[in-house]
Amino acid sequence: MSSKFKRSALGARVPHEKKTSGMATVAMPLPEKIVLPMQQHIGAPCTPTVKKGDAVLVGTVVGATGGFVGAAIHSGVSGTVEAVETVHMPNGRSVPAVVIRADGEQTPDPACVPPEVTDHASLIAAVQACGLVGLGGAGFPTAVKLSPKDLSAIDTLVINGAECEPYITSDNREFLECSESVMRGIAAVKQHLGIKKVVIGIERNKPEAIDLMFSLVKNDPDYSVMPLQSRYPQGAEKVLIEKTTGREVPRGGLPADAGVIVLNVTTVSTLGKYLATGMPLTTKRLTVDGDAIGEAKNVEVVIGTPIGDVLDFCGVKDDVSKILMGGPMMGTAVADPAFPVLKQNNALVAFGPAAAALPAPGPCIRCGNCINACPMGLSPVEIAGAYTKNDGEMLDKLMVDLCIGCGTCSYVCPAKRPVTQTMNLAKAVWQKNKNGGKK
């Protein structure tokens with residue numbers, strides 16, 4: 001990479017709004033029904049394995065993956081399949097969904113027993129059986145991440161506890177409330193992948209989590225805890241790798257190409273829980289916050305619970321204008337509160353009219369703020385110019401494909417231009433040019 005595009009990893013100093021960081025997780029009452037879309041991961045959708053009228057138990061597989069890049073989907077309630085219908089995802093895609101009416105008994109599936117893990121292959125089988133995906137928001141199937149082409153090249157496991165998005169504190173609570181399962185999951189990955197070094201990265205605005213992890217690993221030279229600057233997007237995978245290891249993921253490469261595997265803390269903790277109990281991924285901790293929420297909370301919910309039920313549990317003001325799955329920087333807007341909580345959701349943030357209103361964009365004043373803040377060292381101003389000209393070759397030279405879509409450029413823009421959206425459109429032009437004009 002040329003010095004002109006040397007990554008700065010500066011990012012933005014966004015407001016933290018972490019008022020729920022000291023709030024212990026509360027369990028939400030069981031919903032009357034859950035809706036399980038068959039697309040809760042990167043990769044092809046699952047295929048429903050049940051039909052209307054079937055009885056299911058907690059942990060029963062209701063969606064099977066057809067390939068390696070996928071993750072099985074399990075019922076988080078015992079009850080009866082009410083329907084297999086089509087739902088529309090926030091990205092506009094239509095996928096099948098299994099609707100289950102809960103019976104209130106929460107009877108566990110007898111097939112849910114702790115797995116026997118003795119090597120890398122059996123660990124991968126356990127991860128697949130758990131239905132585990134990246135729980136920091138990405139939703140990438142964990143089994144794939146733990147199966148690099150050259151396992152011998154991996155020498156470092158980085159645990160992502162940065163949690164740099166405003167409002168969200170669910171990962172912080174995972175450290176504080178489930179440290180035993182965090183350590184169990186880390187130890188299993190370290191042992192069965194033969195990884196020498198573990199670095200646990202936590203932003204400095206989580207001092208309790210940092211102190212706790214320090215106390216748990218202080219006597220093991222293979223482990224280290226790295227307090228990180230509280231700056232967005234510190235938790236972005238490539239940024240985190242640079243900050244914790246000093247290595248740079250090559251253009252077009254994966255973390256494995258830098259000898260690193262990165263796992264979100266809740267992901268590795270969920271693995272630890274599965275190894276101990278055999279209960280797959282069926283519940284999720286959410287931070288529920290925002291100025292339209294009556295009482296902000298960290299809530300444990302059954303995956304598939306309608307978002308409206310969660311908001312009602314926390315109390316919602318009358319003037320809700322926008323609901324986000326995730327944080328305000330990279331979250332996804334939800335049009336219908338009947339849409340369910342997904343595996344990779346870590347927060348629900350609701351805003352009133354003032355906070356949700358988007359300012360009118362002005363002309364670019366070429367101040368360079370977006371260039372200085374871009375964590376990947378890109379030049380959004382030049383990229384916007386090349387996009388306007390539909391110049392795929394120039395977009396390639398400007399390395400638009402390195403954009404991680406973090407939203408930092410839009411946040412720091414004094415003219416309030418939709419810089420991130422332009423970057424995403426530019427990436428589409430670059431991809432089309434790369435494919436010889438084909439979409």
# chains A, B, ... in the order shown; residues from 1 in each chain; ligands from 1
call {"tool": "closest_atom_pairs", "arguments": {"of": "range 126-202 of chain A", "to": "range 313-330 of chain A", "cutoff": "12 Å", "atoms": "only C-alpha atoms", "output": "CSV"}}
result
residue,atom,partner,partner_atom,distance
A:Leu135,CA,A:Gly326,CA,11.1
A:Gly136,CA,A:Gly326,CA,9.3
A:Gly137,CA,A:Gly326,CA,7.3
A:Ala138,CA,A:Met330,CA,10.4
A:Glu163,CA,A:Gly327,CA,10.1
A:Cys164,CA,A:Gly327,CA,9.4
A:Glu165,CA,A:Gly327,CA,5.7
A:Pro166,CA,A:Gly327,CA,6.2
A:Tyr167,CA,A:Gly327,CA,6.7
A:Ile168,CA,A:Gly327,CA,6.6
A:Thr169,CA,A:Gly327,CA,10.4
A:Ser170,CA,A:Gly326,CA,10.8
call {"tool": "residues_around", "arguments": {"residues": "range 403-413 of chain A", "least_positions_apart": "5", "cutoff": "6 Å", "atoms": "only C-alpha atoms", "output": "JSON, numbers by chain"}}
result
{"A": [329, 370, 418, 419, 420]}
call {"tool": "write_last_selection", "arguments": {"atoms": "N, CA and C atoms", "output": "PDB file, in the first residue's frame"}}
result
ATOM      1  N   MET A 329     -24.332   4.423  14.453  1.00  0.00           N
ATOM      2  CA  MET A 329     -23.331   4.569  13.410  1.00  0.00           C
ATOM      3  C   MET A 329     -23.495   3.533  12.297  1.00  0.00           C
ATOM      4  N   CYS A 370     -13.076  14.181   6.332  1.00  0.00           N
ATOM      5  CA  CYS A 370     -13.368  12.772   6.045  1.00  0.00           C
ATOM      6  C   CYS A 370     -12.079  11.996   5.770  1.00  0.00           C
ATOM      7  N   PRO A 418     -24.073  12.903   2.615  1.00  0.00           N
ATOM      8  CA  PRO A 418     -24.217  11.445   2.775  1.00  0.00           C
ATOM      9  C   PRO A 418     -22.971  10.718   2.253  1.00  0.00           C
ATOM     10  N   VAL A 419     -21.841  10.953   2.898  1.00  0.00           N
ATOM     11  CA  VAL A 419     -20.562  10.450   2.393  1.00  0.00           C
ATOM     12  C   VAL A 419     -20.535   8.922   2.407  1.00  0.00           C
ATOM     13  N   THR A 420     -21.016   8.339   3.482  1.00  0.00           N
ATOM     14  CA  THR A 420     -20.985   6.873   3.580  1.00  0.00           C
ATOM     15  C   THR A 420     -21.810   6.220   2.485  1.00  0.00           C
TER      16      THR A 420
END
call {"tool": "select_by_dssp", "arguments": {"residues": "range 107-160 of chain A", "states": "helix (DSSP H, G or I)", "output": "MDAnalysis selection string"}}
result
chainID A and resid 120:130 142:145 151:153
call {"tool": "write_last_selection", "arguments": {"atoms": "C-alpha atoms", "output": "PDB file, in the first residue's frame"}}
result
ATOM      1  CA  HIS A 120     -10.048 -28.925  15.714  1.00  0.00           C
ATOM      2  CA  ALA A 121     -12.549 -30.970  13.687  1.00  0.00           C
ATOM      3  CA  SER A 122     -14.779 -31.699  16.674  1.00  0.00           C
ATOM      4  CA  LEU A 123     -14.606 -28.054  17.770  1.00  0.00           C
ATOM      5  CA  ILE A 124     -15.801 -26.947  14.329  1.00  0.00           C
ATOM      6  CA  ALA A 125     -18.606 -29.514  14.516  1.00  0.00           C
ATOM      7  CA  ALA A 126     -19.625 -28.092  17.900  1.00  0.00           C
ATOM      8  CA  VAL A 127     -19.591 -24.522  16.584  1.00  0.00           C
ATOM      9  CA  GLN A 128     -21.800 -25.575  13.691  1.00  0.00           C
ATOM     10  CA  ALA A 129     -24.181 -27.444  15.986  1.00  0.00           C
ATOM     11  CA  CYS A 130     -24.419 -24.333  18.173  1.00  0.00           C
ATOM     12  CA  THR A 142     -18.062 -18.693  13.224  1.00  0.00           C
ATOM     13  CA  ALA A 143     -17.230 -22.170  11.913  1.00  0.00           C
ATOM     14  CA  VAL A 144     -15.913 -20.588   8.727  1.00  0.00           C
ATOM     15  CA  LYS A 145     -13.806 -18.067  10.640  1.00  0.00           C
ATOM     16  CA  LEU A 151      -4.177 -23.056  10.348  1.00  0.00           C
ATOM     17  CA  SER A 152      -0.445 -23.174  11.054  1.00  0.00           C
ATOM     18  CA  ALA A 153      -0.129 -19.519   9.997  1.00  0.00           C
TER      19      ALA A 153
END
call {"tool": "atom_distance", "arguments": {"atom1": "CA of Ala360 in chain A", "atom2": "CA of Gln421 in chain A"}}
result
14.7 Å
call {"tool": "residues_around", "arguments": {"residues": "range 337-344 of chain A", "least_positions_apart": "6", "cutoff": "6 Å", "atoms": "only C-alpha atoms", "output": "list in words"}}
result
Leu135, Gly137, Gly139, Ile303, Gly304, Thr305, Pro306, Ile307 and Gly308 of chain A
call {"tool": "atom_distance", "arguments": {"atom1": "CA of Gly59 in chain A", "atom2": "CA of Thr266 in chain A"}}
result
18.7 Å
call {"tool": "atom_distance", "arguments": {"atom1": "CA of Glu17 in chain A", "atom2": "CA of Val239 in chain A"}}
result
21.9 Å
call {"tool": "closest_residue", "arguments": {"among": "A:Ala188, A:Leu402, A:Leu240, A:Val302", "to": "Gly253 in chain A", "atoms": "only C-alpha atoms"}}
result
A:Leu402
call {"tool": "residues_around", "arguments": {"residues": "Val95 in chain A", "least_positions_apart": "3", "cutoff": "12 Å", "atoms": "only C-alpha atoms", "output": "list in words"}}
result
Val35, Leu36, Pro37, Met38, Gln39, Gln40, Ala44, Pro45, Cys46, Thr47, Pro48, Gly63, Val84, Glu85, Thr86, Val87, His88, Met89, Pro90, Asn91, Gly92 and Val98 of chain A
call {"tool": "residues_around", "arguments": {"residues": "Phe175 in chain A", "least_positions_apart": "4", "cutoff": "8 Å", "atoms": "only C-alpha atoms", "output": "list of chain:residue names"}}
result
A:Asp171, A:Ser179, A:Val182, A:Ala209, A:Leu212, A:Met213, A:Val265
call {"tool": "write_last_selection", "arguments": {"atoms": "N, CA, C and O atoms", "output": "PDB file, in the first residue's frame"}}
result
ATOM      1  N   ASP A 171     -21.845  -6.189  25.237  1.00  0.00           N
ATOM      2  CA  ASP A 171     -20.574  -6.915  25.338  1.00  0.00           C
ATOM      3  C   ASP A 171     -19.901  -6.647  26.680  1.00  0.00           C
ATOM      4  O   ASP A 171     -19.288  -7.544  27.274  1.00  0.00           O
ATOM      5  N   SER A 179     -17.895 -14.072  32.701  1.00  0.00           N
ATOM      6  CA  SER A 179     -16.448 -14.183  32.482  1.00  0.00           C
ATOM      7  C   SER A 179     -15.990 -15.638  32.418  1.00  0.00           C
ATOM      8  O   SER A 179     -15.052 -15.965  31.684  1.00  0.00           O
ATOM      9  N   VAL A 182     -16.624 -16.825  28.976  1.00  0.00           N
ATOM     10  CA  VAL A 182     -15.687 -16.137  28.079  1.00  0.00           C
ATOM     11  C   VAL A 182     -14.350 -16.870  28.082  1.00  0.00           C
ATOM     12  O   VAL A 182     -13.800 -17.206  27.018  1.00  0.00           O
ATOM     13  N   ALA A 209     -14.506  -4.137  33.225  1.00  0.00           N
ATOM     14  CA  ALA A 209     -14.219  -5.301  32.382  1.00  0.00           C
ATOM     15  C   ALA A 209     -12.716  -5.483  32.215  1.00  0.00           C
ATOM     16  O   ALA A 209     -12.204  -6.610  32.250  1.00  0.00           O
ATOM     17  N   LEU A 212     -11.302  -6.912  35.459  1.00  0.00           N
ATOM     18  CA  LEU A 212     -11.693  -8.306  35.644  1.00  0.00           C
ATOM     19  C   LEU A 212     -10.877  -9.222  34.744  1.00  0.00           C
ATOM     20  O   LEU A 212     -10.359 -10.265  35.194  1.00  0.00           O
ATOM     21  N   MET A 213     -10.732  -8.859  33.493  1.00  0.00           N
ATOM     22  CA  MET A 213      -9.974  -9.706  32.575  1.00  0.00           C
ATOM     23  C   MET A 213      -8.489  -9.753  32.961  1.00  0.00           C
ATOM     24  O   MET A 213      -7.849 -10.802  32.884  1.00  0.00           O
ATOM     25  N   VAL A 265     -16.420 -10.906  21.869  1.00  0.00           N
ATOM     26  CA  VAL A 265     -16.458 -11.500  23.200  1.00  0.00           C
ATOM     27  C   VAL A 265     -17.734 -12.299  23.445  1.00  0.00           C
ATOM     28  O   VAL A 265     -17.696 -13.384  24.049  1.00  0.00           O
TER      29      VAL A 265
END
call {"tool": "residues_around", "arguments": {"residues": "Ile371 in chain A", "least_positions_apart": "2", "cutoff": "12 Å", "atoms": "only C-alpha atoms", "output": "NGL selection string"}}
result
:A and (4-12 or 366-369 or 373-384 or 403 or 408-410 or 412-413 or 419)
call {"tool": "write_last_selection", "arguments": {"atoms": "N, CA and C atoms", "output": "compact mmCIF listing (two decimals), in the first residue's frame"}}
result
# COMPACT_ATOMS: atom_id res chain seq x y z
N LYS A 4 0.62 7.25 0.48
CA LYS A 4 -0.49 8.17 0.35
C LYS A 4 -1.73 7.61 1.04
N PHE A 5 -1.87 6.29 1.04
CA PHE A 5 -3.05 5.67 1.61
C PHE A 5 -2.72 4.94 2.92
N LYS A 6 -1.62 5.34 3.55
CA LYS A 6 -1.29 4.72 4.83
C LYS A 6 -2.46 4.89 5.79
N ARG A 7 -2.90 3.79 6.35
CA ARG A 7 -4.07 3.84 7.23
C ARG A 7 -3.77 4.65 8.48
N SER A 8 -4.68 5.52 8.80
CA SER A 8 -4.49 6.39 9.96
C SER A 8 -5.17 5.84 11.19
N ALA A 9 -6.29 5.13 11.00
CA ALA A 9 -7.08 4.58 12.10
C ALA A 9 -7.46 5.66 13.10
N LEU A 10 -7.65 6.89 12.63
CA LEU A 10 -8.01 7.98 13.53
C LEU A 10 -9.45 7.84 14.01
N GLY A 11 -10.37 7.67 13.08
CA GLY A 11 -11.76 7.54 13.45
C GLY A 11 -12.33 8.83 13.98
N ALA A 12 -13.37 8.70 14.81
CA ALA A 12 -14.08 9.88 15.31
C ALA A 12 -14.34 9.73 16.80
N ARG A 366 -14.53 20.79 0.96
CA ARG A 366 -13.20 20.23 0.76
C ARG A 366 -12.28 20.52 1.96
N CYS A 367 -12.85 20.29 3.14
CA CYS A 367 -12.10 20.56 4.38
C CYS A 367 -11.13 19.45 4.72
N GLY A 368 -11.36 18.25 4.19
CA GLY A 368 -10.48 17.13 4.45
C GLY A 368 -10.78 16.36 5.73
N ASN A 369 -11.85 16.72 6.42
CA ASN A 369 -12.19 16.01 7.66
C ASN A 369 -12.40 14.51 7.42
N ALA A 373 -10.17 11.45 9.14
CA ALA A 373 -10.83 10.56 10.09
C ALA A 373 -10.95 9.12 9.60
N CYS A 374 -10.88 8.90 8.30
CA CYS A 374 -11.12 7.56 7.77
C CYS A 374 -10.16 6.54 8.39
N PRO A 375 -10.68 5.51 9.05
CA PRO A 375 -9.81 4.54 9.68
C PRO A 375 -9.01 3.68 8.71
N MET A 376 -9.41 3.69 7.44
CA MET A 376 -8.69 2.92 6.44
C MET A 376 -7.79 3.78 5.57
N GLY A 377 -7.66 5.06 5.91
CA GLY A 377 -6.76 5.94 5.19
C GLY A 377 -7.22 6.27 3.78
N LEU A 378 -8.51 6.28 3.54
CA LEU A 378 -9.04 6.56 2.21
C LEU A 378 -9.35 8.04 2.03
N SER A 379 -9.63 8.40 0.80
CA SER A 379 -9.97 9.79 0.46
C SER A 379 -11.39 9.85 -0.10
N PRO A 380 -12.40 9.97 0.77
CA PRO A 380 -13.78 9.99 0.30
C PRO A 380 -14.07 11.10 -0.71
N VAL A 381 -13.37 12.22 -0.61
CA VAL A 381 -13.60 13.32 -1.56
C VAL A 381 -13.23 12.89 -2.97
N GLU A 382 -12.04 12.31 -3.12
CA GLU A 382 -11.62 11.85 -4.45
C GLU A 382 -12.48 10.68 -4.93
N ILE A 383 -12.86 9.82 -4.02
CA ILE A 383 -13.71 8.68 -4.38
C ILE A 383 -15.06 9.17 -4.89
N ALA A 384 -15.62 10.19 -4.23
CA ALA A 384 -16.90 10.74 -4.69
C ALA A 384 -16.78 11.30 -6.11
N CYS A 403 -13.04 0.33 2.05
CA CYS A 403 -14.04 0.99 2.89
C CYS A 403 -14.79 -0.07 3.72
N THR A 408 -17.91 6.88 9.68
CA THR A 408 -17.11 7.94 10.27
C THR A 408 -17.07 9.18 9.38
N CYS A 409 -16.95 8.97 8.08
CA CYS A 409 -16.84 10.10 7.15
C CYS A 409 -18.09 10.98 7.19
N SER A 410 -19.25 10.36 7.24
CA SER A 410 -20.49 11.13 7.32
C SER A 410 -20.58 11.86 8.65
N VAL A 412 -18.20 13.07 10.59
CA VAL A 412 -17.31 14.23 10.76
C VAL A 412 -17.54 15.30 9.70
N CYS A 413 -18.36 15.04 8.72
CA CYS A 413 -18.57 16.01 7.63
C CYS A 413 -19.36 17.22 8.13
N VAL A 419 -21.84 10.95 2.90
CA VAL A 419 -20.56 10.45 2.39
C VAL A 419 -20.54 8.92 2.41
call {"tool": "residues_around", "arguments": {"residues": "Thr107 in chain A", "least_positions_apart": "2", "cutoff": "12 Å", "atoms": "only C-alpha atoms", "output": "PyMOL selection string"}}
result
chain A and resi 55-60+75-79+102-105+109-112+279
call {"tool": "write_last_selection", "arguments": {"atoms": "all heavy atoms", "output": "compact mmCIF listing (two decimals), in the first residue's frame"}}
result
# COMPACT_ATOMS: atom_id res chain seq x y z
N ALA A 55 -44.51 -29.97 16.65
CA ALA A 55 -44.11 -29.59 18.01
C ALA A 55 -42.60 -29.42 18.05
O ALA A 55 -41.86 -30.21 17.46
CB ALA A 55 -44.55 -30.65 19.01
N VAL A 56 -42.14 -28.38 18.73
CA VAL A 56 -40.71 -28.13 18.87
C VAL A 56 -40.39 -27.87 20.34
O VAL A 56 -41.27 -27.51 21.13
CB VAL A 56 -40.24 -26.94 18.01
CG1 VAL A 56 -40.44 -27.20 16.54
CG2 VAL A 56 -40.95 -25.66 18.44
N LEU A 57 -39.14 -28.05 20.68
CA LEU A 57 -38.65 -27.82 22.03
C LEU A 57 -37.54 -26.77 22.00
O LEU A 57 -37.06 -26.38 20.93
CB LEU A 57 -38.13 -29.13 22.63
CG LEU A 57 -39.13 -30.28 22.66
CD1 LEU A 57 -38.43 -31.56 23.12
CD2 LEU A 57 -40.31 -29.96 23.56
N VAL A 58 -37.14 -26.31 23.16
CA VAL A 58 -36.06 -25.33 23.22
C VAL A 58 -34.77 -26.00 22.74
O VAL A 58 -34.33 -27.00 23.30
CB VAL A 58 -35.86 -24.80 24.65
CG1 VAL A 58 -34.72 -23.78 24.68
CG2 VAL A 58 -37.15 -24.17 25.17
N GLY A 59 -34.20 -25.46 21.67
CA GLY A 59 -32.98 -26.02 21.10
C GLY A 59 -33.20 -26.89 19.89
O GLY A 59 -32.23 -27.35 19.27
N THR A 60 -34.45 -27.12 19.52
CA THR A 60 -34.74 -27.92 18.32
C THR A 60 -34.30 -27.18 17.06
O THR A 60 -34.57 -25.99 16.91
CB THR A 60 -36.25 -28.24 18.22
OG1 THR A 60 -36.64 -28.99 19.37
CG2 THR A 60 -36.57 -29.02 16.96
N SER A 75 -34.99 -23.26 17.71
CA SER A 75 -36.10 -22.65 18.43
C SER A 75 -35.67 -22.27 19.84
O SER A 75 -35.00 -23.05 20.53
CB SER A 75 -37.29 -23.61 18.51
OG SER A 75 -38.32 -23.05 19.31
N GLY A 76 -36.06 -21.09 20.27
CA GLY A 76 -35.78 -20.66 21.63
C GLY A 76 -36.94 -20.88 22.58
O GLY A 76 -36.87 -20.50 23.76
N VAL A 77 -38.02 -21.48 22.08
CA VAL A 77 -39.18 -21.79 22.91
C VAL A 77 -39.65 -23.21 22.62
O VAL A 77 -39.34 -23.78 21.56
CB VAL A 77 -40.36 -20.81 22.66
CG1 VAL A 77 -39.95 -19.38 22.97
CG2 VAL A 77 -40.85 -20.91 21.21
N SER A 78 -40.37 -23.77 23.56
CA SER A 78 -41.10 -25.00 23.26
C SER A 78 -42.52 -24.59 22.88
O SER A 78 -43.08 -23.63 23.42
CB SER A 78 -41.11 -25.94 24.47
OG SER A 78 -41.66 -25.31 25.61
N GLY A 79 -43.09 -25.31 21.92
CA GLY A 79 -44.42 -24.94 21.44
C GLY A 79 -44.73 -25.60 20.13
O GLY A 79 -44.22 -26.68 19.82
N ALA A 102 -45.46 -20.21 21.48
CA ALA A 102 -44.86 -20.76 22.69
C ALA A 102 -45.92 -21.38 23.60
O ALA A 102 -47.03 -20.85 23.71
CB ALA A 102 -44.10 -19.68 23.44
N ASP A 103 -45.55 -22.49 24.26
CA ASP A 103 -46.47 -23.12 25.20
C ASP A 103 -46.20 -22.72 26.64
O ASP A 103 -46.93 -23.12 27.57
CB ASP A 103 -46.44 -24.65 25.07
CG ASP A 103 -45.07 -25.26 25.36
OD1 ASP A 103 -44.20 -24.56 25.93
OD2 ASP A 103 -44.86 -26.43 25.01
N GLY A 104 -45.13 -21.95 26.86
CA GLY A 104 -44.81 -21.46 28.19
C GLY A 104 -44.06 -22.44 29.06
O GLY A 104 -43.66 -22.11 30.19
N GLU A 105 -43.84 -23.65 28.57
CA GLU A 105 -43.20 -24.68 29.39
C GLU A 105 -41.68 -24.63 29.31
O GLU A 105 -40.98 -25.08 30.22
CB GLU A 105 -43.69 -26.07 28.95
CG GLU A 105 -45.18 -26.28 29.12
CD GLU A 105 -45.61 -26.24 30.56
OE1 GLU A 105 -44.82 -26.67 31.44
OE2 GLU A 105 -46.73 -25.76 30.83
N ASP A 109 -34.92 -29.54 24.42
CA ASP A 109 -34.79 -30.69 23.54
C ASP A 109 -33.76 -31.65 24.14
O ASP A 109 -32.64 -31.24 24.46
CB ASP A 109 -34.32 -30.22 22.16
CG ASP A 109 -34.45 -31.28 21.08
OD1 ASP A 109 -34.09 -32.44 21.37
OD2 ASP A 109 -34.89 -30.96 19.96
N PRO A 110 -34.13 -32.93 24.32
CA PRO A 110 -33.18 -33.88 24.92
C PRO A 110 -31.91 -34.07 24.09
O PRO A 110 -30.91 -34.60 24.60
CB PRO A 110 -33.98 -35.18 25.02
CG PRO A 110 -35.12 -35.02 24.08
CD PRO A 110 -35.43 -33.56 24.05
N ALA A 111 -31.94 -33.66 22.83
CA ALA A 111 -30.74 -33.77 21.99
C ALA A 111 -29.67 -32.75 22.37
O ALA A 111 -28.53 -32.85 21.92
CB ALA A 111 -31.12 -33.61 20.51
N CYS A 112 -30.05 -31.77 23.19
CA CYS A 112 -29.10 -30.72 23.57
C CYS A 112 -28.24 -31.18 24.74
O CYS A 112 -28.62 -31.03 25.92
CB CYS A 112 -29.85 -29.43 23.92
SG CYS A 112 -30.77 -28.71 22.54
N MET A 279 -26.67 -26.36 24.99
CA MET A 279 -27.80 -25.56 24.50
C MET A 279 -27.30 -24.59 23.44
O MET A 279 -26.43 -23.77 23.71
CB MET A 279 -28.45 -24.79 25.65
CG MET A 279 -29.66 -23.94 25.21
SD MET A 279 -30.96 -24.87 24.33
CE MET A 279 -31.53 -25.98 25.63
call {"tool": "closest_residue", "arguments": {"among": "A:Val260, A:Ala72, A:Val50, A:Ala162", "to": "Val99 in chain A", "atoms": "only C-alpha atoms"}}
result
A:Val50
call {"tool": "select_by_dssp", "arguments": {"residues": "range 58-279 of chain A", "states": "strand (DSSP E or B)", "output": "CSV table (one decimal) with C-alpha atoms, in the first residue's frame"}}
result
chain,number,residue,atom,x,y,z
A,58,VAL,CA,-36.1,-25.3,23.2
A,61,VAL,CA,-33.3,-27.3,14.9
A,62,VAL,CA,-35.9,-25.5,12.7
A,63,GLY,CA,-33.5,-24.3,10.0
A,64,ALA,CA,-30.7,-26.3,8.4
A,73,ILE,CA,-31.3,-21.9,13.4
A,74,HIS,CA,-32.9,-23.3,16.6
A,79,GLY,CA,-44.4,-24.9,21.4
A,80,THR,CA,-46.0,-25.5,18.1
A,81,VAL,CA,-45.1,-24.3,14.6
A,82,GLU,CA,-47.9,-21.9,13.7
A,83,ALA,CA,-46.7,-21.2,10.1
A,84,VAL,CA,-43.8,-21.2,7.7
A,85,GLU,CA,-44.2,-17.9,5.9
A,86,THR,CA,-42.3,-15.3,4.0
A,87,VAL,CA,-40.8,-12.3,5.8
A,88,HIS,CA,-39.1,-9.2,4.4
A,94,SER,CA,-37.6,-12.0,1.2
A,95,VAL,CA,-36.8,-15.2,3.0
A,96,PRO,CA,-38.8,-18.0,4.6
A,97,ALA,CA,-39.5,-17.8,8.4
A,98,VAL,CA,-40.7,-20.2,11.0
A,99,VAL,CA,-43.4,-18.9,13.3
A,100,ILE,CA,-43.7,-20.7,16.6
A,101,ARG,CA,-46.4,-20.3,19.2
A,102,ALA,CA,-44.9,-20.8,22.7
A,108,PRO,CA,-35.5,-28.4,26.5
A,133,VAL,CA,-22.3,-16.5,14.1
A,141,PRO,CA,-20.6,-18.0,10.5
A,156,THR,CA,-2.8,-14.8,17.5
A,157,LEU,CA,-6.4,-14.8,18.7
A,158,VAL,CA,-7.9,-11.3,19.3
A,159,ILE,CA,-11.0,-11.0,21.4
A,160,ASN,CA,-13.0,-8.0,20.3
A,161,GLY,CA,-14.4,-6.3,23.4
A,197,LYS,CA,-1.2,-15.9,21.9
A,198,VAL,CA,-4.5,-14.3,23.0
A,199,VAL,CA,-5.0,-10.6,23.1
A,200,ILE,CA,-8.2,-9.3,24.7
A,201,GLY,CA,-8.9,-5.7,23.4
A,202,ILE,CA,-11.3,-3.6,25.5
A,203,GLU,CA,-11.9,0.2,25.2
A,223,TYR,CA,-2.8,-14.0,27.5
A,224,SER,CA,-2.8,-10.2,27.5
A,225,VAL,CA,-5.4,-7.6,28.0
A,226,MET,CA,-5.0,-4.4,25.9
A,227,PRO,CA,-6.9,-1.3,27.0
A,228,LEU,CA,-7.8,0.6,23.8
A,232,TYR,CA,-14.9,4.9,17.0
A,260,VAL,CA,-4.9,-13.4,13.3
A,261,ILE,CA,-8.4,-14.7,14.1
A,262,VAL,CA,-10.8,-12.1,15.7
A,263,LEU,CA,-13.8,-13.2,17.7
A,264,ASN,CA,-16.3,-11.0,19.4
call {"tool": "closest_residue", "arguments": {"among": "A:Pro15, A:Gly278, A:Pro353, A:Gly66", "to": "Arg231 in chain A", "atoms": "only C-alpha atoms"}}
result
A:Pro15
